[in-house]
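Heads up, start.tsv below (TSV, C-alpha atoms):
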chain	number	residue	atom	x	y	z
A	740	MET	CA	-23.23	-25.59	7.76
A	741	THR	CA	-19.99	-25.49	5.77
A	742	GLU	CA	-17.35	-23.78	7.89
A	743	LEU	CA	-14.96	-21.46	6.07
A	744	TYR	CA	-12.39	-21.53	8.85
A	745	SER	CA	-10.93	-24.54	10.62
A	746	PRO	CA	-10.53	-24.40	14.43
A	747	ASP	CA	-6.76	-24.09	14.47
A	748	GLU	CA	-6.36	-22.10	11.26
A	749	ALA	CA	-5.19	-18.94	12.98
A	750	GLN	CA	-2.53	-20.87	14.87
A	751	ARG	CA	-1.32	-22.63	11.71
A	752	LEU	CA	-1.10	-19.35	9.80
A	753	ALA	CA	0.73	-17.67	12.67
A	754	SER	CA	3.22	-20.55	12.83
A	755	ARG	CA	3.91	-20.35	9.08
A	756	ALA	CA	4.30	-16.58	9.37
A	757	SER	CA	6.84	-17.05	12.15
A	758	LEU	CA	8.73	-19.56	10.02
A	759	CYS	CA	8.88	-17.09	7.12
A	760	ARG	CA	10.07	-14.33	9.42
A	761	ALA	CA	12.74	-16.55	10.94
A	762	ALA	CA	13.89	-17.66	7.49
A	763	ALA	CA	14.12	-14.02	6.39
A	764	TRP	CA	16.21	-13.10	9.44
A	765	ILE	CA	18.51	-16.09	8.99
A	766	ALA	CA	18.96	-15.34	5.29
A	767	GLY	CA	19.68	-11.69	6.04
A	768	VAL	CA	22.21	-12.38	8.79
A	769	LEU	CA	23.99	-15.15	6.85
A	770	GLY	CA	24.11	-12.95	3.76
A	771	LEU	CA	25.60	-10.09	5.73
A	772	ILE	CA	28.22	-12.34	7.35
A	773	LEU	CA	29.15	-13.72	3.92
A	774	CYS	CA	29.46	-10.22	2.46
A	775	VAL	CA	31.71	-9.08	5.30
A	776	TRP	CA	33.84	-12.21	4.89
A	777	LEU	CA	34.19	-11.54	1.16
A	778	CYS	CA	35.30	-7.98	1.92
A	779	THR	CA	38.06	-9.16	4.26
A	780	GLY	CA	39.66	-11.26	1.51
A	781	VAL	CA	40.10	-8.40	-0.96
A	782	ARG	CA	43.50	-8.18	-2.67
A	783	PRO	CA	44.63	-5.99	-5.61
A	784	THR	CA	44.43	-9.03	-7.91
A	785	ASN	CA	40.88	-10.05	-6.98
A	786	THR	CA	39.12	-6.74	-6.31
A	787	VAL	CA	36.71	-6.87	-9.24
A	788	ARG	CA	35.84	-10.55	-8.71
A	789	ARG	CA	35.21	-9.98	-5.00
A	790	LEU	CA	33.09	-6.90	-5.67
A	791	ILE	CA	30.92	-8.82	-8.13
A	792	ALA	CA	30.61	-11.66	-5.60
A	793	VAL	CA	29.63	-9.29	-2.79
A	794	ILE	CA	27.04	-7.49	-4.90
A	795	SER	CA	25.63	-10.85	-6.06
A	796	VAL	CA	25.36	-12.22	-2.52
A	797	SER	CA	23.87	-8.99	-1.21
A	798	THR	CA	21.34	-8.77	-4.04
A	799	LEU	CA	20.19	-12.38	-3.84
A	800	THR	CA	19.97	-12.29	-0.04
A	801	GLY	CA	18.02	-9.06	-0.16
A	802	TRP	CA	15.64	-10.47	-2.73
A	803	GLY	CA	15.12	-13.53	-0.55
A	804	VAL	CA	14.35	-11.37	2.48
A	805	ILE	CA	11.96	-9.17	0.48
A	806	LEU	CA	10.10	-12.14	-0.99
A	807	LEU	CA	9.91	-14.03	2.33
A	808	THR	CA	8.59	-10.91	4.04
A	809	CYS	CA	6.19	-9.57	1.41
A	810	ILE	CA	4.87	-12.81	-0.07
A	811	GLY	CA	5.32	-15.04	2.98
A	812	TYR	CA	5.24	-13.38	6.37
A	813	ARG	CA	2.95	-10.39	5.78
A	814	PRO	CA	-0.01	-12.16	4.11
A	815	LEU	CA	0.14	-15.06	6.58
A	816	ASN	CA	0.41	-12.79	9.59
A	817	GLY	CA	-2.39	-10.58	8.25
A	818	ALA	CA	-4.66	-13.59	7.78
A	819	ALA	CA	-3.93	-14.93	11.29
A	820	ARG	CA	-4.62	-11.54	12.86
A	821	HIS	CA	-7.83	-11.22	10.86
A	822	ILE	CA	-9.13	-14.57	12.11
A	823	ARG	CA	-8.24	-13.71	15.72
A	824	ARG	CA	-9.99	-10.36	15.37
A	825	ILE	CA	-13.26	-11.70	13.96
A	826	GLU	CA	-13.32	-14.40	16.64
A	827	THR	CA	-14.09	-11.58	19.09
A	828	GLU	CA	-17.02	-10.27	16.99
A	829	GLU	CA	-20.67	-10.99	17.66
A	830	VAL	CA	-22.17	-14.01	15.86
A	831	SER	CA	-25.25	-13.52	13.70
A	832	GLU	CA	-27.06	-15.44	10.97
A	833	TYR	CA	-28.79	-14.21	7.83
A	834	SER	CA	-30.66	-15.69	4.86
A	835	GLY	CA	-31.06	-14.50	1.32
A	836	THR	CA	-29.94	-14.76	-2.27
A	837	MET	CA	-26.22	-14.32	-2.65
A	838	GLU	CA	-24.61	-11.92	-5.09
A	839	LYS	CA	-20.81	-12.02	-5.16
A	840	SER	CA	-18.99	-8.93	-6.36
A	841	GLU	CA	-16.12	-9.49	-8.81
A	842	LEU	CA	-14.08	-6.79	-7.13
A	843	LEU	CA	-11.50	-7.56	-4.49
A	844	PHE	CA	-10.00	-5.01	-2.16
A	845	GLN	CA	-7.07	-5.11	0.22
A	846	ILE	CA	-7.49	-4.06	3.82
A	847	PRO	CA	-4.21	-2.29	4.72
A	848	GLY	CA	-2.07	-4.58	6.84
A	849	SER	CA	-4.64	-7.35	6.62
A	850	ILE	CA	-6.37	-9.62	4.14
A	851	THR	CA	-7.94	-9.19	0.71
A	852	VAL	CA	-11.74	-9.35	0.87
A	853	GLN	CA	-14.63	-9.80	-1.53
A	854	LYS	CA	-17.97	-8.08	-1.06
A	855	VAL	CA	-21.05	-10.28	-0.93
A	856	VAL	CA	-24.59	-8.89	-1.03
A	857	LEU	CA	-27.40	-10.93	0.51
A	858	ARG	CA	-30.82	-9.99	-0.84
A	859	GLU	CA	-34.07	-10.87	0.91
A	860	GLY	CA	-37.06	-9.33	-0.79
A	861	GLU	CA	-36.65	-5.57	-0.93
A	862	SER	CA	-33.85	-5.46	1.61
A	863	SER	CA	-30.21	-6.26	1.14
A	864	ARG	CA	-27.24	-6.71	3.42
A	865	THR	CA	-23.59	-6.23	2.51
A	866	LEU	CA	-21.24	-8.81	3.92
A	867	HIS	CA	-17.60	-9.70	3.32
A	868	VAL	CA	-15.65	-12.86	2.75
A	869	ASP	CA	-11.92	-13.52	2.93
A	870	ALA	CA	-10.82	-13.61	-0.75
A	871	ARG	CA	-8.91	-16.84	-0.08
A	872	LYS	CA	-12.24	-18.49	0.82
A	873	ARG	CA	-14.41	-17.02	-1.93
A	874	ARG	CA	-14.32	-20.12	-4.13
A	875	LEU	CA	-15.85	-22.15	-1.31
A	876	LEU	CA	-19.04	-20.07	-1.56
A	877	PRO	CA	-21.75	-21.14	-4.00
A	878	ASP	CA	-22.39	-19.21	-7.20
A	879	SER	CA	-24.26	-15.92	-7.30
A	880	GLY	CA	-28.02	-16.38	-7.36
A	881	THR	CA	-27.97	-19.23	-4.83
A	882	ARG	CA	-30.21	-18.95	-1.79
A	883	VAL	CA	-28.09	-19.42	1.33
A	884	ARG	CA	-28.09	-19.10	5.06
A	885	VAL	CA	-24.85	-17.62	6.38
A	886	ARG	CA	-23.25	-17.29	9.80
A	887	CYS	CA	-21.21	-14.15	10.31
A	888	ARG	CA	-18.85	-12.71	12.84
A	889	GLY	CA	-19.20	-8.98	12.43
A	890	SER	CA	-19.63	-8.54	8.67
A	891	PHE	CA	-17.48	-11.52	7.74
A	892	ILE	CA	-19.07	-14.76	6.57
A	893	THR	CA	-17.63	-17.68	8.55
A	894	ALA	CA	-20.05	-20.45	7.51
A	895	PHE	CA	-22.84	-21.00	4.99
A	896	GLU	CA	-25.57	-23.46	4.12
A	897	VAL	CA	-27.39	-23.69	0.82
A	898	GLU	CA	-31.15	-23.47	1.35
A	899	PRO	CA	-33.49	-25.49	-0.82
B	747	MET	CA	-4.20	-11.23	-4.37
B	748	ASN	CA	-2.40	-14.34	-5.53
B	749	GLY	CA	1.33	-14.95	-5.17
B	750	PHE	CA	2.22	-14.13	-8.79
B	751	ARG	CA	0.53	-10.75	-8.67
B	752	ARG	CA	2.22	-10.01	-5.36
B	753	PHE	CA	5.55	-10.89	-6.99
B	754	THR	CA	5.02	-8.63	-10.00
B	755	ARG	CA	4.20	-5.74	-7.69
B	756	LEU	CA	7.52	-6.29	-5.93
B	757	ILE	CA	9.63	-6.06	-9.10
B	758	PRO	CA	10.37	-2.31	-8.75
B	759	LEU	CA	11.50	-2.92	-5.16
B	760	LEU	CA	13.72	-5.79	-6.26
B	761	ILE	CA	15.33	-3.63	-8.94
B	762	LEU	CA	15.80	-0.83	-6.41
B	763	TRP	CA	17.52	-3.24	-4.04
B	764	LEU	CA	19.88	-4.39	-6.81
B	765	MET	CA	20.88	-0.79	-7.53
B	766	ALA	CA	21.27	0.00	-3.83
B	767	SER	CA	23.43	-3.10	-3.33
B	768	ALA	CA	25.73	-2.16	-6.19
B	769	LEU	CA	26.02	1.43	-4.96
B	770	ILE	CA	26.58	0.65	-1.30
B	771	TRP	CA	29.10	-2.16	-1.79
B	772	GLY	CA	30.88	-0.27	-4.54
B	773	PHE	CA	31.35	2.60	-2.07
B	774	VAL	CA	32.46	0.20	0.70
B	775	PHE	CA	34.99	-1.44	-1.62
B	776	THR	CA	36.34	1.92	-2.69
B	777	ARG	CA	36.90	2.84	0.95
B	778	ILE	CA	38.45	-0.46	2.07
B	779	THR	CA	40.71	-0.83	-0.97
B	780	ASP	CA	42.02	2.73	-0.84
B	781	THR	CA	44.61	4.40	1.36
B	782	ALA	CA	45.84	7.93	2.07
B	783	ARG	CA	47.74	9.79	-0.67
B	784	GLU	CA	50.84	9.72	1.54
B	785	ASN	CA	50.87	5.92	1.37
B	786	LYS	CA	50.17	5.28	-2.29
B	787	ILE	CA	51.54	5.99	-5.76
B	788	VAL	CA	48.90	6.80	-8.39
B	789	ILE	CA	49.74	6.35	-12.07
B	790	PHE	CA	47.39	7.48	-14.81
B	791	VAL	CA	47.91	6.06	-18.29
B	792	ASP	CA	46.58	7.48	-21.54
B	793	ALA	CA	45.85	3.95	-22.82
B	794	GLU	CA	43.90	0.84	-21.86
B	795	THR	CA	45.32	-1.00	-18.85
B	796	PRO	CA	44.16	-4.61	-19.01
B	797	GLY	CA	46.92	-5.68	-16.64
B	798	ALA	CA	46.60	-2.83	-14.16
B	799	ALA	CA	46.20	-5.11	-11.14
B	800	GLU	CA	49.24	-7.16	-12.17
B	801	LEU	CA	51.38	-4.05	-12.71
B	802	GLU	CA	50.32	-2.71	-9.31
B	803	THR	CA	51.28	-6.00	-7.68
B	804	LYS	CA	54.71	-5.94	-9.39
B	805	LEU	CA	55.52	-2.32	-8.45
B	806	GLN	CA	54.29	-2.10	-4.86
B	807	PRO	CA	56.86	-4.48	-3.22
B	808	LEU	CA	59.71	-2.62	-4.96
B	809	LEU	CA	58.82	0.71	-3.33
B	810	LYS	CA	59.69	1.77	0.19
B	811	ASP	CA	59.02	4.52	2.73
B	812	GLY	CA	55.52	3.44	3.68
B	813	ILE	CA	54.11	2.99	0.18
B	814	ARG	CA	51.34	0.45	0.82
B	815	MET	CA	49.65	0.61	-2.54
B	816	VAL	CA	50.19	1.43	-6.21
B	817	GLN	CA	47.14	2.33	-8.29
B	818	VAL	CA	47.24	2.22	-12.09
B	819	HIS	CA	44.26	3.72	-13.91
B	820	PRO	CA	43.43	4.58	-17.51
B	821	PHE	CA	42.53	8.22	-18.13
B	822	THR	CA	38.88	7.16	-18.57
B	823	TYR	CA	38.76	6.12	-14.88
B	824	ALA	CA	38.65	9.77	-13.83
B	825	MET	CA	35.68	10.77	-15.99
B	826	LEU	CA	33.55	11.96	-13.06
B	827	ASP	CA	36.22	13.25	-10.69
B	828	THR	CA	39.01	15.45	-12.07
B	829	SER	CA	40.80	15.77	-8.71
B	830	THR	CA	41.59	12.05	-8.87
B	831	ILE	CA	43.60	12.52	-12.06
B	832	THR	CA	45.15	15.90	-11.28
B	833	ASN	CA	46.52	14.56	-7.97
B	834	ALA	CA	48.28	11.63	-9.64
B	835	ASP	CA	51.98	11.06	-9.02
B	836	LEU	CA	52.91	9.84	-12.49
B	837	TYR	CA	51.41	10.11	-15.95
B	838	ILE	CA	52.11	8.03	-19.03
B	839	VAL	CA	50.96	10.15	-21.97
B	840	LYS	CA	51.06	9.95	-25.77
B	841	ALA	CA	53.64	12.20	-27.38
B	842	SER	CA	50.90	13.96	-29.37
B	843	GLU	CA	49.02	14.93	-26.21
B	844	LEU	CA	51.85	16.06	-23.92
B	845	GLU	CA	51.17	19.74	-24.56
B	846	ILE	CA	47.45	19.28	-23.85
B	847	TYR	CA	48.14	17.97	-20.34
B	848	LEU	CA	51.29	20.04	-19.70
B	849	SER	CA	49.60	21.95	-16.84
B	850	TRP	CA	49.43	18.70	-14.85
B	851	PHE	CA	53.19	18.08	-15.01
B	852	VAL	CA	56.30	19.32	-13.25
B	853	PRO	CA	59.78	19.27	-14.77
B	854	TYR	CA	61.99	16.30	-14.04
B	855	PRO	CA	64.19	16.92	-10.99
B	856	ASP	CA	67.67	18.13	-11.90
B	857	ASP	CA	69.26	15.13	-10.22
B	858	PHE	CA	67.07	12.56	-12.01
B	859	GLU	CA	69.29	10.56	-14.35
B	860	SER	CA	68.62	10.61	-18.07
B	861	LEU	CA	67.53	7.03	-18.67
B	862	MET	CA	65.57	7.44	-21.89
B	863	PRO	CA	65.10	10.09	-24.59
B	864	ALA	CA	63.50	13.20	-23.11
B	865	TRP	CA	60.58	15.37	-24.10
B	866	GLU	CA	61.28	19.03	-23.51
B	867	HIS	CA	59.08	22.07	-23.42
B	868	GLU	CA	60.86	25.42	-23.72
B	869	GLY	CA	64.15	23.74	-22.95
B	870	VAL	CA	62.91	22.00	-19.77
B	871	CYS	CA	62.58	18.21	-19.52
B	872	TYR	CA	58.99	17.23	-18.64
B	873	GLY	CA	59.01	13.64	-19.80
B	874	GLN	CA	61.15	10.64	-20.61
B	875	MET	CA	60.21	8.03	-23.16
B	876	VAL	CA	58.65	4.97	-21.52
B	877	TYR	CA	57.37	3.19	-24.64
B	878	THR	CA	57.99	3.29	-28.36
B	879	PRO	CA	56.42	1.07	-31.04
B	880	ILE	CA	59.81	0.24	-32.55
B	881	ARG	CA	61.23	-1.10	-29.28
B	882	SER	CA	62.16	-4.78	-29.48
B	883	TYR	CA	61.48	-5.49	-25.81
B	884	ASP	CA	58.20	-4.34	-24.27
B	885	PRO	CA	58.12	-4.74	-20.47
B	886	PHE	CA	54.48	-3.61	-20.49
B	887	ARG	CA	53.23	-6.43	-22.74
B	888	GLY	CA	49.91	-7.64	-21.37
B	889	LEU	CA	49.86	-4.83	-18.81
B	890	ILE	CA	49.26	-1.67	-20.84
B	891	SER	CA	47.86	-1.63	-24.40
B	892	PHE	CA	49.93	1.16	-25.96
B	893	GLY	CA	49.10	0.27	-29.56
B	894	ASP	CA	51.57	0.54	-32.41
B	895	GLN	CA	51.18	4.15	-33.48
B	896	GLU	CA	52.70	6.45	-30.89
B	897	THR	CA	55.52	6.96	-28.46
B	898	TYR	CA	54.61	7.45	-24.79
B	899	TYR	CA	56.35	9.56	-22.17
B	900	LEU	CA	56.45	9.32	-18.39
B	901	CYS	CA	55.82	12.59	-16.57
B	902	PHE	CA	55.67	13.63	-12.91
B	903	GLY	CA	52.46	15.10	-11.46
B	904	LYS	CA	52.68	18.62	-10.05
B	905	ASN	CA	50.53	17.63	-7.04
B	906	SER	CA	52.51	14.52	-6.20
B	907	LEU	CA	53.46	14.04	-2.55
B	908	HIS	CA	56.21	11.62	-3.51
B	909	LEU	CA	58.72	13.80	-5.38
B	910	SER	CA	61.33	15.31	-3.06
B	911	SER	CA	61.88	18.31	-5.31
B	912	GLN	CA	58.26	19.31	-4.62
B	913	GLU	CA	57.21	21.33	-1.59
B	914	GLY	CA	55.31	19.23	0.96
B	915	ALA	CA	56.64	15.92	-0.35
B	916	VAL	CA	56.72	13.05	2.14
B	917	ASP	CA	59.25	10.93	0.23
B	918	ASP	CA	60.82	10.44	-3.20
B	919	GLN	CA	59.03	7.23	-4.18
B	920	ALA	CA	57.49	8.71	-7.36
B	921	ALA	CA	61.02	9.07	-8.67
B	922	ALA	CA	61.83	5.49	-7.58
B	923	CYS	CA	58.71	4.24	-9.35
B	924	ALA	CA	59.62	6.24	-12.45
B	925	ARG	CA	63.03	4.55	-12.59
B	926	LEU	CA	61.38	1.14	-12.44
B	927	LEU	CA	58.97	2.02	-15.27
B	928	LEU	CA	61.61	3.62	-17.50
B	929	THR	CA	64.10	0.74	-17.14
B	930	GLY	CA	61.48	-2.03	-17.11
B	931	LYS	CA	63.01	-3.42	-13.91
B	932	PHE	CA	59.66	-4.30	-12.33
B	933	ASN	CA	59.29	-7.66	-14.11
What does this structure look like when you write it as structure tokens?
Amino acid sequence: MTELYSPDEAQRLASRASLCRAAAWIAGVLGLILCVWLCTGVRPTNTVRRLIAVISVSTLTGWGVILLTCIGYRPLNGAARHIRRIETEEVSEYSGTMEKSELLFQIPGSITVQKVVLREGESSRTLHVDARKRRLLPDSGTRVRVRCRGSFITAFEVEP
Amino acid sequence: MNGFRRFTRLIPLLILWLMASALIWGFVFTRITDTARENKIVIFVDAETPGAAELETKLQPLLKDGIRMVQVHPFTYAMLDTSTITNADLYIVKASELEIYLSWFVPYPDDFESLMPAWEHEGVCYGQMVYTPIRSYDPFRGLISFGDQETYYLCFGKNSLHLSSQEGAVDDQAAACARLLLTGKFN
């Protein structure tokens, strides 16, 4: 079976998330220290220049913190927590013809998922896949055997 | 959701942060670069003041009695806050507009020497000439853009705390500053 998750993936994602969070904190603290230092050097002849410098430093630092947090830390941390959560779910296996939905939806505070419907005769079963892994799955219409933890597909095998 | 889409969704937040930064630090700078009215002389000028910072730096060391700061602003500085301009210590106003702003002024003290031609209202001196276009020497060159059309007069503010003839005054440094501006002895 093709595994969608590597054994240490949660740990790697958590480490990268921690790095992003640390970088955001360092950027924020350094930016604040620099702004305070710029304020202490204000004189009547350099007020406007210093104000522009402080606003620039504050803005760029804030943007860095926002981007590191929202594009770096949160998605990585959400993905690591998702993997750790599904590792506690019951394992089950199913077969059928796969139909992948084009729609993606965001679980609040967690990952983006894609819905996958597995059809076997008259019955169907709705499963989910981490949107980051969706391109690893075969195309719709393929007959597959999947391993799931809860409703999340963690491995698949194309059936002849 | 890929990184680019995440970024585009953050644009409003980034713009909001820029505005908040400008607002917060602008407020902080206003607080840290200001001082109490008792320790500063405020001059409002009815003209552009490209060299305001330089003029402030020239005047402040020449004043005494705890004056820590001189602020020079164009009239347009006080667009949103009229108390800033009505509490000024000195005004430099065009001759054609003296009557418009007369309610902001007090007469020159009786013991203030007559250094320059005066502007009188109902026989009382409210201003002395601080700039004229036909003057050969302009001590305000590069500091205040008076233009070449009108004469300007220096007047005392009725709410000044630095004119000893006024009730509640803490010192007479507005008069000292006026002498410096009228004689050009700040260069």
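For A:Glu748, the residues within 12 Å (counting all atoms listed in the file, excluding itself and residues fewer than 3 positions away along the chain) are Glu742, Leu743, Tyr744, Ser745, Arg751, Leu752, Ala753, Ser754, Arg755, Leu815, Asn816, Ala818, Ala819, Arg820, His821, Ile822, Arg823 and Glu826 of chain A.
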*Any idea what the distance is between atom CA of B:Phe892 and atom CA of B:Ser849?*
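Here the two named atoms are 22.7 Å from each other.
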*Mind listing as a PyMOL selection string all residues within 9 Å of (52.3, -1.1, -29.9), counting only C-alpha atoms?*
chain B and resi 877-881+884+887+891-897
*Between atom CA of B:Phe821 and atom CA of B:Thr779, measure the distance and give it in Å to one decimal.*
19.5 Å
*For A:Thr893, list every protein, DNA or RNA residue within 12 Å, evaluated using only C-alpha atoms, and leave out those in the same chain fewer than 3 positions away; present the list as a ChimeraX atom specification.*
/A:740-746,821-822,825-826,828-833,866-869,872-873,875-876,884-890,896
_Residue hits in chain B, query chain A, radius 8 Å, all atoms listed in the file, as a PyMOL selection string_ = chain B and resi 747+749+752-753+760+763-764+767-768+771-772+775+779+799-800+802-803
_So that I can check the surroundings of B:Ile789, please list as JSON, numbers by chain every protein, DNA and RNA residue that reaches within 8 Å of it, counting only C-alpha atoms and ignoring chain neighbours fewer than 4 positions away._
{"B": [816, 817, 818, 819, 834, 835, 836, 837, 838]}
*asked:* From (50.9, 18.0, -16.5), in the file's coordinates, out to 12 Å: which residues are reached, counting all atoms listed in the file? Answer as number ranges by chain.
replied: B: 790, 831-839, 843-854, 867, 872-873, 899-906
Can you put N, CA, C and O atoms back into stretch 904-924 of chain B and show it as a compact mmCIF listing (two decimals), keeping the file's coordinate frame?
# COMPACT_ATOMS: atom_id res chain seq x y z
N LYS B 904 52.30 17.44 -10.83
CA LYS B 904 52.68 18.62 -10.05
C LYS B 904 52.14 18.57 -8.63
O LYS B 904 52.62 19.26 -7.75
N ASN B 905 51.11 17.74 -8.38
CA ASN B 905 50.53 17.63 -7.04
C ASN B 905 51.01 16.39 -6.29
O ASN B 905 50.47 16.04 -5.25
N SER B 906 52.03 15.75 -6.84
CA SER B 906 52.51 14.52 -6.20
C SER B 906 53.11 14.82 -4.83
O SER B 906 53.81 15.82 -4.64
N LEU B 907 52.86 13.93 -3.88
CA LEU B 907 53.46 14.04 -2.55
C LEU B 907 54.72 13.19 -2.44
O LEU B 907 55.31 13.07 -1.37
N HIS B 908 55.11 12.59 -3.55
CA HIS B 908 56.21 11.62 -3.51
C HIS B 908 57.37 12.01 -4.43
O HIS B 908 58.04 11.15 -4.99
N LEU B 909 57.59 13.31 -4.59
CA LEU B 909 58.72 13.80 -5.38
C LEU B 909 59.45 14.83 -4.51
O LEU B 909 58.91 15.90 -4.23
N SER B 910 60.67 14.49 -4.08
CA SER B 910 61.33 15.31 -3.06
C SER B 910 61.62 16.73 -3.52
O SER B 910 61.80 17.62 -2.69
N SER B 911 61.65 16.94 -4.83
CA SER B 911 61.88 18.31 -5.31
C SER B 911 60.65 19.19 -5.14
O SER B 911 60.72 20.41 -5.32
N GLN B 912 59.50 18.56 -4.80
CA GLN B 912 58.26 19.31 -4.62
C GLN B 912 58.07 19.71 -3.16
O GLN B 912 58.40 18.93 -2.25
N GLU B 913 57.50 20.88 -2.95
CA GLU B 913 57.21 21.33 -1.59
C GLU B 913 56.12 20.43 -0.98
O GLU B 913 55.14 20.10 -1.64
N GLY B 914 56.31 20.06 0.28
CA GLY B 914 55.31 19.23 0.96
C GLY B 914 55.44 17.75 0.69
O GLY B 914 54.60 16.97 1.14
N ALA B 915 56.48 17.34 -0.04
CA ALA B 915 56.64 15.92 -0.35
C ALA B 915 56.98 15.13 0.91
O ALA B 915 57.68 15.61 1.80
N VAL B 916 56.45 13.90 0.98
CA VAL B 916 56.72 13.05 2.14
C VAL B 916 57.87 12.08 1.86
O VAL B 916 58.46 11.54 2.80
N ASP B 917 58.14 11.82 0.60
CA ASP B 917 59.25 10.93 0.23
C ASP B 917 59.55 11.13 -1.25
O ASP B 917 58.99 12.05 -1.88
N ASP B 918 60.44 10.30 -1.80
CA ASP B 918 60.82 10.44 -3.20
C ASP B 918 60.43 9.19 -4.01
O ASP B 918 61.09 8.82 -4.98
N GLN B 919 59.38 8.51 -3.57
CA GLN B 919 59.03 7.23 -4.18
C GLN B 919 58.43 7.36 -5.59
O GLN B 919 58.43 6.39 -6.34
N ALA B 920 57.93 8.53 -5.97
CA ALA B 920 57.49 8.71 -7.36
C ALA B 920 58.69 8.60 -8.29
O ALA B 920 58.61 8.00 -9.37
N ALA B 921 59.80 9.17 -7.87
CA ALA B 921 61.02 9.07 -8.67
C ALA B 921 61.50 7.61 -8.73
O ALA B 921 61.93 7.13 -9.79
N ALA B 922 61.42 6.91 -7.60
CA ALA B 922 61.83 5.49 -7.58
C ALA B 922 60.94 4.67 -8.51
O ALA B 922 61.42 3.81 -9.26
N CYS B 923 59.65 4.96 -8.48
CA CYS B 923 58.71 4.24 -9.35
C CYS B 923 58.98 4.57 -10.82
O CYS B 923 58.94 3.69 -11.68
N ALA B 924 59.31 5.83 -11.08
CA ALA B 924 59.62 6.24 -12.45
C ALA B 924 60.82 5.47 -12.99
O ALA B 924 60.83 5.03 -14.15
